>>> print(open('run-v9.cif').read())   # mmCIF, C-alpha atoms
data_structure
loop_
_atom_site.label_atom_id
_atom_site.label_comp_id
_atom_site.auth_asym_id
_atom_site.auth_seq_id
_atom_site.Cartn_x
_atom_site.Cartn_y
_atom_site.Cartn_z
CA MET A 11 155.73 134.34 76.06
CA ASP A 12 157.63 134.97 72.91
CA HIS A 13 156.24 133.73 69.64
CA GLY A 14 154.74 130.56 68.31
CA ILE A 15 156.79 128.22 66.17
CA GLU A 16 154.04 126.11 64.61
CA PRO A 17 150.74 127.05 63.00
CA SER A 18 147.63 125.52 64.46
CA PRO A 19 146.60 122.26 62.77
CA ALA A 20 144.03 122.01 60.00
CA ASN A 21 141.63 120.37 62.47
CA ALA A 22 141.50 123.46 64.69
CA SER A 23 137.97 122.61 65.74
CA GLY A 24 139.22 119.64 67.77
CA SER A 25 142.80 120.52 68.64
CA TYR A 26 145.34 123.28 69.02
CA ARG A 27 149.11 122.89 68.88
CA MET A 28 151.61 125.70 69.27
CA GLY A 29 155.26 126.03 70.21
CA PHE A 30 156.26 128.69 72.72
CA THR A 31 159.22 130.12 74.53
CA VAL A 32 157.63 130.69 77.92
CA GLY A 33 158.40 133.23 80.62
CA GLU A 34 157.12 134.24 84.02
CA HIS A 35 153.79 135.60 82.71
CA SER A 36 153.13 133.16 79.86
CA ALA A 37 150.65 130.99 81.74
CA ARG A 38 148.15 133.87 81.84
CA HIS A 39 148.12 134.10 78.04
CA ILE A 40 148.00 130.34 77.56
CA ARG A 41 145.08 130.08 80.04
CA ARG A 42 143.16 132.51 77.85
CA ILE A 43 143.76 130.27 74.81
CA LEU A 44 142.68 127.17 76.76
CA ARG A 45 139.54 128.90 78.07
CA MET A 46 138.59 129.98 74.53
CA PHE A 47 138.75 126.40 73.24
CA LEU A 48 136.88 124.99 76.24
CA THR A 49 134.09 127.50 75.68
CA ARG A 50 133.99 126.72 71.95
CA TRP A 51 133.83 122.99 72.70
CA ASP A 52 131.08 123.44 75.33
CA LEU A 53 133.45 122.22 78.06
CA ALA A 54 133.58 125.41 80.13
CA GLU A 55 132.92 123.40 83.31
CA LEU A 56 136.47 122.04 82.95
CA SER A 57 138.08 125.50 82.88
CA ASP A 58 139.06 125.84 86.54
CA ALA A 59 140.75 122.44 86.80
CA ALA A 60 142.32 122.51 83.33
CA GLU A 61 143.65 126.06 83.69
CA LEU A 62 145.20 125.28 87.08
CA ALA A 63 146.83 122.05 85.87
CA MET A 64 148.11 123.66 82.66
CA THR A 65 149.55 126.57 84.67
CA GLU A 66 151.54 124.11 86.80
CA LEU A 67 152.94 122.32 83.74
CA VAL A 68 153.99 125.59 82.11
CA ALA A 69 155.53 126.78 85.40
CA ASN A 70 157.66 123.63 85.44
CA VAL A 71 158.99 124.50 81.98
CA VAL A 72 159.84 128.02 83.16
CA ARG A 73 161.64 126.70 86.25
CA HIS A 74 163.37 123.59 84.95
CA VAL A 75 163.83 123.61 81.16
CA PRO A 76 166.88 125.35 79.70
CA GLY A 77 165.73 127.72 76.96
CA ARG A 78 162.12 127.51 78.24
CA ARG A 79 160.83 126.13 74.92
CA CYS A 80 157.78 123.89 74.88
CA THR A 81 154.93 122.76 72.67
CA LEU A 82 151.37 122.86 73.94
CA LEU A 83 148.67 120.52 72.63
CA ILE A 84 145.04 121.06 73.60
CA LEU A 85 142.92 118.17 72.35
CA ARG A 86 139.15 117.72 72.45
CA ARG A 87 138.34 114.08 73.14
CA PRO A 88 134.97 112.32 73.16
CA GLU A 89 135.20 111.97 76.94
CA GLY A 90 136.56 115.47 77.59
CA LEU A 91 139.93 117.18 77.30
CA ARG A 92 143.61 116.25 77.06
CA VAL A 93 146.43 118.79 77.44
CA GLU A 94 150.07 117.96 76.69
CA VAL A 95 153.17 120.06 77.33
CA THR A 96 156.26 118.76 75.54
CA ASP A 97 159.74 120.09 76.24
CA GLY A 98 163.34 119.23 75.41
CA SER A 99 164.43 118.26 78.93
CA ALA A 100 164.89 114.57 79.64
CA ARG A 101 164.59 115.28 83.38
CA PRO A 102 161.33 113.71 84.58
CA PRO A 103 158.99 115.84 86.69
CA LEU A 104 159.23 115.05 90.37
CA ALA A 105 156.54 115.51 92.98
CA VAL A 106 157.18 115.96 96.68
CA ARG A 107 156.44 112.86 98.67
CA ARG A 108 153.28 113.26 100.70
CA GLY A 109 155.13 113.37 104.05
CA ASP A 110 157.69 116.01 103.02
CA GLU A 111 156.06 119.15 104.50
CA LEU A 112 159.34 121.11 104.65
CA ALA A 113 160.13 120.90 100.91
CA GLU A 114 160.14 124.30 99.23
CA GLY A 115 158.72 123.14 95.90
CA GLY A 116 157.36 120.13 94.10
CA ARG A 117 153.71 120.44 95.07
CA GLY A 118 152.56 121.41 91.58
CA LEU A 119 152.19 117.84 90.38
CA LEU A 120 150.25 116.92 93.51
CA LEU A 121 147.91 119.73 92.55
CA VAL A 122 147.68 118.41 88.98
CA GLU A 123 146.83 114.98 90.37
CA ALA A 124 144.16 116.46 92.65
CA VAL A 125 142.30 118.49 90.02
CA THR A 126 142.50 116.20 86.96
CA ASP A 127 141.17 112.73 86.22
CA ARG A 128 144.49 111.40 84.91
CA TRP A 129 148.00 112.64 84.29
CA GLY A 130 151.34 111.18 83.31
CA THR A 131 154.66 111.54 81.56
CA VAL A 132 155.93 110.11 78.28
CA ARG A 133 159.69 109.99 77.74
CA LEU A 134 160.84 111.01 74.27
CA ALA A 135 164.19 110.65 72.52
CA ASP A 136 164.72 114.41 72.88
CA GLY A 137 162.71 115.30 75.99
CA LYS A 138 159.36 114.45 77.51
CA THR A 139 155.64 115.12 77.37
CA VAL A 140 153.68 115.74 80.55
CA TRP A 141 149.94 115.38 80.01
CA PHE A 142 146.63 115.46 81.86
CA GLU A 143 143.04 114.65 81.08
CA CYS A 144 139.81 116.06 82.46
CA ASP A 145 136.58 114.19 81.85
CA ALA A 146 133.44 116.07 80.85
CA LYS A 147 130.47 115.73 83.15
CA PRO A 148 127.61 113.69 81.66
CA ARG A 149 124.90 115.94 80.31
CA ALA A 150 121.29 115.40 81.34
CA ALA A 151 119.11 114.21 78.52
CA ALA A 152 116.74 116.84 77.12
CA PRO A 153 113.07 116.15 77.91
CA PRO A 154 111.09 114.76 74.97
CA ALA A 155 109.33 117.37 72.88
#
>>> encode(input="run-v9.cif", output="structure tokens")
Amino acid sequence: MDHGIEPSPANASGSYRMGFTVGEHSARHIRRILRMFLTRWDLAELSDAAELAMTELVANVVRHVPGRRCTLLILRRPEGLRVEVTDGSARPPLAVRRGDELAEGGRGLLLVEAVTDRWGTVRLADGKTVWFECDAKPRAAAPPA
């Protein structure tokens, strides 16, 4: 991972946005950032799923985006978490069809689908955003005092 291109937003308590040039080992550093925010937001139970899904999206940038530049958005939502990875490639992400056992790649998005509550792609004039959401588990009400 090279260097960031944007400062974090003023509302850092509820979101984080940073531009990166990613490399082979960038996902490890970005997972640490994600984990820190999930802990701060009392959403640590989402760490395993969110870190795995985010790793797959960053890996797709490394493999398929010329220049390997992307912007990461981590957003605290009332119902949980949303993560977006935006890049400058208009090429949509493709998942292997379920019956294609011999394909060498393309299973990452199936994994994202399996571990998140929702995911999708938004086409942009100069690229795309791939996003996912993980819902927080309902908290048990505290017993009356």
>>> resolve_selection(input="run-v9.cif", expression="the PyMOL selection byres ((chain A and resi 129) around 9)", output="list in words")
Val122, Glu123, Thr126, Asp127, Arg128, Gly130, Thr131, Val140, Trp141, Phe142 and Glu143 of chain A
>>> atom_distance(input="run-v9.cif", atom1="atom CA of A:Val68", atom2="atom CA of A:Gly29")
12.0 Å
>>> resolve_selection(input="run-v9.cif", expression="the PyMOL selection byres ((chain A and resi 43-45) around 12)", output="MDAnalysis selection string")
chainID A and resid 25:28 36:42 46:65 82:86 91:94
>>> atom_distance(input="run-v9.cif", atom1="atom CA of A:Asp145", atom2="atom CA of A:Arg87")
8.9 Å
>>> atom_distance(input="run-v9.cif", atom1="atom CA of A:His74", atom2="atom CA of A:Gly90")
29.0 Å
>>> resolve_selection(input="run-v9.cif", expression="the PyMOL selection byres ((chain A and resi 76) around 12)", output="MDAnalysis selection string")
chainID A and resid 31:33 70:75 77:80 97:101 137
>>> closest_residue(input="run-v9.cif", among="A:Leu67, A:Ala135, A:His35, A:Glu89", to="A:Leu120", atoms="all atoms listed in the file")
A:Leu67
>>> decode(input="run-v9.cif", residues="stretch 24-37 of chain A", atoms="N, CA and C atoms", output="compact mmCIF listing (two decimals), in the first residue's frame")
# COMPACT_ATOMS: atom_id res chain seq x y z
N GLY A 24 -18.17 8.35 12.33
CA GLY A 24 -19.13 7.49 11.65
C GLY A 24 -18.70 7.03 10.28
N SER A 25 -17.54 7.49 9.80
CA SER A 25 -17.07 7.06 8.49
C SER A 25 -15.58 7.28 8.35
N TYR A 26 -15.03 6.60 7.37
CA TYR A 26 -13.61 6.73 7.03
C TYR A 26 -13.49 6.59 5.53
N ARG A 27 -12.82 7.53 4.90
CA ARG A 27 -12.60 7.47 3.45
C ARG A 27 -11.13 7.77 3.19
N MET A 28 -10.51 6.91 2.38
CA MET A 28 -9.11 7.11 2.05
C MET A 28 -8.82 6.53 0.68
N GLY A 29 -7.98 7.21 -0.08
CA GLY A 29 -7.54 6.70 -1.37
C GLY A 29 -6.23 5.96 -1.21
N PHE A 30 -6.05 4.88 -1.94
CA PHE A 30 -4.86 4.05 -1.83
C PHE A 30 -4.39 3.63 -3.22
N THR A 31 -3.12 3.36 -3.32
CA THR A 31 -2.57 2.54 -4.39
C THR A 31 -2.24 1.22 -3.70
N VAL A 32 -2.94 0.17 -4.08
CA VAL A 32 -2.83 -1.10 -3.36
C VAL A 32 -1.85 -2.04 -4.03
N GLY A 33 -1.28 -2.92 -3.21
CA GLY A 33 -0.36 -3.94 -3.68
C GLY A 33 -0.71 -5.27 -3.05
N GLU A 34 0.16 -6.23 -3.23
CA GLU A 34 -0.09 -7.59 -2.77
C GLU A 34 -0.39 -7.71 -1.27
N HIS A 35 0.20 -6.85 -0.45
CA HIS A 35 0.06 -6.96 1.00
C HIS A 35 -0.82 -5.87 1.61
N SER A 36 -1.48 -5.09 0.79
CA SER A 36 -2.28 -3.97 1.29
C SER A 36 -3.47 -4.39 2.12
N ALA A 37 -4.09 -5.50 1.77
CA ALA A 37 -5.31 -5.92 2.48
C ALA A 37 -5.04 -6.08 3.97
